Amino acid sequence: MDMEIPVIDLQGLDGDASQRSQTMARLHEACKDWGFFWVDSHGVDAALMEEVKRFVYAHYDEHLKDRFYASDLAKDLLLPAEESKAVSGEVDWETAYFIRHRPANNVADFPEIPPATREMLDVYIGQMVSLAERLAECMSLNLGLDGGRVKDTFAPPFVGTKFAMYPACPRPDLLWGLRAHTDAGGIILLLQDDVVGGLEFFRGDREWVPVGPTKGSRIFVNLGDQLEVMSGGAYRSVLHRVAAVAEGRRLSVATFYNPGAEAVVAPAPTARQPAAQVYPGPYRFGDYLDYYQGTKFADKAARLQAVKELFGSRILPD
């Protein structure tokens with residue numbers, strides 16, 4: 001099943017007119033029909049990607065592993081099933097932390113991360129932002145917009161990374177590593193485990209598609225709610241979840257290229273009508289994100305309708 005997920009070789013964007021056209025078309029189809037895909041030849045240094053993985057594994061082993069297994073959640077799973085709170089479905093079997101990179105950086109909140117590692121992460125994030133901006137340009141053009149439309153709408157973008165580990169779970173039958181949800185923002189770039197799987201995406205109304213371990217130096221991409229809104233539904237954010245696993249541990253490093261809090265989002269003028277009328281906007285992304293925090297695991301369509309009713313009229317013309 002994993003082999004069916006589109007793989008876009010971005011080298012074609014630098015080829016002749018025919019190669020570029022074919023690559024742009026493949027990207028458009030992946031965004032439209034899937035909402036998630038792999039990219040090759042993406043410009044992020046493979047050795048740097050491996051260095052990031054080594055940091056995440058080492059940081060988990062030294063600072064998070066013992067604390068996680070000593071948590072109430074881990075202890076709770078050792079109880080009889082009828083006494084376990086985990087069966088409520090309202091908890092996730094993950095240990096994670098979030099580092100903000102742009103416009104403000106909060107890495108100082110993690111004093112255990114040494115200066116050399118901080119510098120390495122800065123270089124990595126710079127390359128990931130370049131990849132996100134390239135994809136944003138291609139998506140804008142594929143939607144019939146100016147190439148800078150997504151980037152300009154997001155500016156100044158919020159860029160942050162969720163560093164997550166999904167440890168071996170004693171009762172994977174009771175809960176998920178991460179419950180099903182769509183992402184609130186724009187373009188999500190995932191550096192994930194190359195051994196342990198568990199990530200699943202829901203394609204259309206058909207089936208859950210497993211995303212196998214990373215092959216080579218590929219990066220996994222999925223689209224957030226804001227690109228669905230901007231495209232008037234031509235592109236879709238997609239439900240995804242992470243299964244808890246009984247053996248091994250799964251690494252996940254998800255970098256979010258999102259609109260800034262004050263960015264104003266709305267369906268683009270080229271968005272299909274009347275489909276675009278279903279979507280909210282204009283609204284400030286910060287308002288959307290505030291509402292999303294309490295509805296992350298709820299129905300997306302209901303969330304979009306609520307945002308349309310709550311915030312769509314708050315934006316004043318310039």
# chains A, B, ... in the order shown; residues from 1 in each chain; ligands from 1

call {"tool": "residues_around", "arguments": {"residues": "A:Glu4", "least_positions_apart": "5", "cutoff": "12 Å", "atoms": "only C-alpha atoms", "output": "PyMOL selection string"}}
result
chain A and resi 30+34+36-38+203+209-212

call {"tool": "write_last_selection", "arguments": {"atoms": "C-alpha atoms", "output": "CSV table (one decimal), in the first residue's frame"}}
result
chain,number,residue,atom,x,y,z
A,30,ALA,CA,-0.9,14.6,-5.3
A,34,TRP,CA,-4.2,12.6,-1.9
A,36,PHE,CA,0.0,13.8,1.3
A,37,PHE,CA,3.1,12.6,-0.6
A,38,TRP,CA,6.8,11.9,-0.5
A,203,ARG,CA,-7.6,8.8,1.7
A,209,VAL,CA,-3.3,4.2,4.0
A,210,PRO,CA,-0.2,3.2,6.0
A,211,VAL,CA,2.9,5.3,5.6
A,212,GLY,CA,5.8,3.0,5.9

call {"tool": "closest_atom_pairs", "arguments": {"of": "stretch 114-185 of chain A", "to": "stretch 218-226 of chain A", "cutoff": "7 Å", "atoms": "only C-alpha atoms", "output": "Markdown table"}}
result
| residue | atom | partner | partner_atom | distance |
| --- | --- | --- | --- | --- |
| A:Thr182 | CA | A:Gly224 | CA | 6.7 |
| A:Asp183 | CA | A:Gly224 | CA | 4.7 |
| A:Ala184 | CA | A:Asp225 | CA | 5.0 |
| A:Gly185 | CA | A:Gly224 | CA | 4.7 |

call {"tool": "closest_residue", "arguments": {"among": "A:Asp40, A:Asp45, A:Asp194, A:Glu51", "to": "A:Ala116", "atoms": "only C-alpha atoms"}}
result
A:Glu51

call {"tool": "select_by_dssp", "arguments": {"residues": "stretch 26-120 of chain A", "states": "alpha helix (DSSP H)", "output": "PyMOL selection string"}}
result
chain A and resi 26-33+46-59+65-69+72-76+115-120

call {"tool": "atom_distance", "arguments": {"atom1": "atom CA of A:Leu145", "atom2": "atom CA of A:Gly186"}}
result
16.3 Å

call {"tool": "closest_residue", "arguments": {"among": "A:Ala268, A:Ala168, A:Leu64, A:Leu304", "to": "A:Ala244", "atoms": "only C-alpha atoms"}}
result
A:Ala168

call {"tool": "closest_residue", "arguments": {"among": "A:Ala96, A:Ala271, A:Leu227, A:Leu190", "to": "A:Tyr57", "atoms": "only C-alpha atoms"}}
result
A:Ala96

call {"tool": "closest_atom_pairs", "arguments": {"of": "stretch 120-157 of chain A", "to": "stretch 11-19 of chain A", "cutoff": "12 Å", "atoms": "only C-alpha atoms", "output": "tab-separated table"}}
result
residue	atom	partner	partner_atom	distance
A:Arg134	CA	A:Leu13	CA	9.9
A:Leu135	CA	A:Leu13	CA	10.5
A:Glu137	CA	A:Leu13	CA	11.5
A:Cys138	CA	A:Leu13	CA	9.3

call {"tool": "write_last_selection", "arguments": {"atoms": "all heavy atoms", "output": "CSV table (one decimal), in the first residue's frame"}}
result
chain,number,residue,atom,x,y,z
A,134,ARG,N,9.5,26.5,-1.7
A,134,ARG,CA,9.5,26.0,-3.0
A,134,ARG,C,8.2,25.3,-3.3
A,134,ARG,O,7.6,25.5,-4.4
A,134,ARG,CB,10.7,25.1,-3.3
A,134,ARG,CG,10.9,24.8,-4.8
A,134,ARG,CD,12.1,24.0,-5.1
A,134,ARG,NE,12.5,24.1,-6.5
A,134,ARG,CZ,13.4,23.4,-7.1
A,134,ARG,NH1,14.0,22.4,-6.4
A,134,ARG,NH2,13.7,23.6,-8.3
A,135,LEU,N,7.7,24.5,-2.4
A,135,LEU,CA,6.5,23.8,-2.6
A,135,LEU,C,5.3,24.8,-2.6
A,135,LEU,O,4.4,24.6,-3.4
A,135,LEU,CB,6.2,22.8,-1.5
A,135,LEU,CG,7.2,21.5,-1.5
A,135,LEU,CD1,7.0,20.7,-0.2
A,135,LEU,CD2,6.9,20.7,-2.7
A,137,GLU,N,5.4,27.8,-3.7
A,137,GLU,CA,5.4,28.5,-5.0
A,137,GLU,C,4.7,27.6,-6.0
A,137,GLU,O,3.9,28.1,-6.8
A,137,GLU,CB,6.8,28.8,-5.4
A,137,GLU,CG,6.9,29.5,-6.8
A,137,GLU,CD,8.3,29.7,-7.3
A,137,GLU,OE1,9.2,29.2,-6.7
A,137,GLU,OE2,8.5,30.5,-8.2
A,138,CYS,N,5.1,26.3,-6.0
A,138,CYS,CA,4.5,25.4,-7.0
A,138,CYS,C,3.0,25.2,-6.8
A,138,CYS,O,2.2,25.2,-7.8
A,138,CYS,CB,5.2,24.0,-6.9
A,138,CYS,SG,6.9,24.0,-7.4

call {"tool": "atom_distance", "arguments": {"atom1": "atom CA of A:Ala306", "atom2": "atom CA of A:Arg179"}}
result
21.6 Å

call {"tool": "closest_residue", "arguments": {"among": "A:Asp193, A:Asp299, A:Glu200, A:Asp146", "to": "A:Phe163", "atoms": "only C-alpha atoms"}}
result
A:Asp193

call {"tool": "atom_distance", "arguments": {"atom1": "atom CA of A:His28", "atom2": "atom CA of A:Val307"}}
result
27.0 Å

call {"tool": "closest_residue", "arguments": {"among": "A:Leu141, A:Leu79, A:Val150, A:Val159", "to": "A:Asn106", "atoms": "only C-alpha atoms"}}
result
A:Val159

call {"tool": "residues_around", "arguments": {"residues": "stretch 128-130 of chain A", "least_positions_apart": "2", "cutoff": "9 Å", "atoms": "only C-alpha atoms", "output": "VMD selection string"}}
result
chain A and resid 42 to 44 123 to 126 132 to 135 159 189 255 257

call {"tool": "write_last_selection", "arguments": {"atoms": "all heavy atoms", "output": "short mmCIF file (atom, residue, chain, number, x, y, z; two decimals), in the first residue's frame"}}
result
data_model
loop_
_atom_site.label_atom_id
_atom_site.label_comp_id
_atom_site.auth_asym_id
_atom_site.auth_seq_id
_atom_site.Cartn_x
_atom_site.Cartn_y
_atom_site.Cartn_z
N HIS A 42 14.97 17.01 -2.68
CA HIS A 42 14.29 18.13 -2.04
C HIS A 42 15.23 19.23 -1.56
O HIS A 42 14.77 20.28 -1.10
CB HIS A 42 13.47 17.63 -0.86
CG HIS A 42 14.19 16.59 -0.05
ND1 HIS A 42 15.34 16.85 0.65
CD2 HIS A 42 13.90 15.26 0.14
CE1 HIS A 42 15.74 15.73 1.25
NE2 HIS A 42 14.89 14.75 0.96
N GLY A 43 16.53 19.01 -1.62
CA GLY A 43 17.47 20.05 -1.23
C GLY A 43 17.88 20.05 0.23
O GLY A 43 18.71 20.87 0.64
N VAL A 44 17.31 19.15 1.03
CA VAL A 44 17.71 19.05 2.44
C VAL A 44 18.82 18.01 2.52
O VAL A 44 18.66 16.87 2.05
CB VAL A 44 16.52 18.65 3.34
CG1 VAL A 44 16.96 18.57 4.80
CG2 VAL A 44 15.39 19.66 3.19
N VAL A 123 20.50 25.25 10.87
CA VAL A 123 20.82 24.95 9.47
C VAL A 123 19.75 24.04 8.88
O VAL A 123 19.27 24.26 7.75
CB VAL A 123 22.21 24.29 9.37
CG1 VAL A 123 22.50 23.87 7.92
CG2 VAL A 123 23.30 25.26 9.85
N TYR A 124 19.35 23.03 9.62
CA TYR A 124 18.32 22.11 9.16
C TYR A 124 17.01 22.84 8.88
O TYR A 124 16.40 22.65 7.81
CB TYR A 124 18.11 21.02 10.21
CG TYR A 124 16.93 20.11 9.96
CD1 TYR A 124 16.99 19.12 8.98
CD2 TYR A 124 15.76 20.22 10.72
CE1 TYR A 124 15.92 18.27 8.76
CE2 TYR A 124 14.69 19.37 10.50
CZ TYR A 124 14.77 18.40 9.52
OH TYR A 124 13.70 17.57 9.30
N ILE A 125 16.60 23.70 9.81
CA ILE A 125 15.35 24.42 9.63
C ILE A 125 15.43 25.36 8.44
O ILE A 125 14.46 25.52 7.68
CB ILE A 125 14.97 25.18 10.91
CG1 ILE A 125 14.62 24.19 12.02
CG2 ILE A 125 13.81 26.14 10.67
CD1 ILE A 125 13.50 23.21 11.66
N GLY A 126 16.57 25.99 8.23
CA GLY A 126 16.73 26.85 7.06
C GLY A 126 16.49 26.09 5.77
O GLY A 126 15.83 26.60 4.85
N ALA A 132 9.84 24.20 1.95
CA ALA A 132 8.43 24.58 2.09
C ALA A 132 8.08 25.73 1.16
O ALA A 132 7.00 25.73 0.54
CB ALA A 132 8.16 24.98 3.55
N GLU A 133 8.97 26.71 1.03
CA GLU A 133 8.70 27.85 0.16
C GLU A 133 8.68 27.45 -1.31
O GLU A 133 7.90 28.00 -2.10
CB GLU A 133 9.72 28.94 0.42
CG GLU A 133 9.54 29.60 1.79
CD GLU A 133 10.57 30.67 2.07
OE1 GLU A 133 11.62 30.69 1.36
OE2 GLU A 133 10.36 31.48 3.00
N ARG A 134 9.51 26.48 -1.66
CA ARG A 134 9.48 26.01 -3.05
C ARG A 134 8.16 25.30 -3.34
O ARG A 134 7.56 25.49 -4.40
CB ARG A 134 10.66 25.09 -3.31
CG ARG A 134 10.85 24.78 -4.79
CD ARG A 134 12.09 23.97 -5.06
NE ARG A 134 12.51 24.14 -6.45
CZ ARG A 134 13.39 23.36 -7.06
NH1 ARG A 134 13.96 22.36 -6.40
NH2 ARG A 134 13.71 23.57 -8.32
N LEU A 135 7.74 24.46 -2.42
CA LEU A 135 6.46 23.78 -2.59
C LEU A 135 5.31 24.78 -2.61
O LEU A 135 4.36 24.65 -3.40
CB LEU A 135 6.25 22.76 -1.47
CG LEU A 135 7.16 21.54 -1.48
CD1 LEU A 135 6.98 20.72 -0.20
CD2 LEU A 135 6.89 20.67 -2.71
N VAL A 159 7.10 29.11 11.93
CA VAL A 159 7.79 27.84 11.67
C VAL A 159 8.14 27.21 13.01
O VAL A 159 8.77 27.86 13.87
CB VAL A 159 9.06 28.05 10.84
CG1 VAL A 159 9.75 26.70 10.59
CG2 VAL A 159 8.74 28.73 9.51
N LEU A 189 6.23 19.20 6.90
CA LEU A 189 7.35 18.41 6.37
C LEU A 189 7.80 17.45 7.46
O LEU A 189 8.20 17.87 8.54
CB LEU A 189 8.50 19.32 5.96
CG LEU A 189 8.14 20.44 4.96
CD1 LEU A 189 9.34 21.35 4.74
CD2 LEU A 189 7.68 19.84 3.64
N THR A 255 8.03 19.43 10.89
CA THR A 255 8.24 20.88 10.82
C THR A 255 7.04 21.51 10.13
O THR A 255 6.65 21.13 9.03
CB THR A 255 9.54 21.20 10.05
OG1 THR A 255 10.65 20.65 10.76
CG2 THR A 255 9.74 22.70 9.91
N TYR A 257 5.22 24.69 8.50
CA TYR A 257 5.34 25.99 7.81
C TYR A 257 3.92 26.56 7.74
O TYR A 257 3.13 26.19 6.88
CB TYR A 257 5.94 25.80 6.42
CG TYR A 257 6.09 27.06 5.60
CD1 TYR A 257 7.13 27.95 5.84
CD2 TYR A 257 5.19 27.36 4.58
CE1 TYR A 257 7.29 29.10 5.08
CE2 TYR A 257 5.34 28.50 3.81
CZ TYR A 257 6.38 29.37 4.06
OH TYR A 257 6.53 30.51 3.31
#
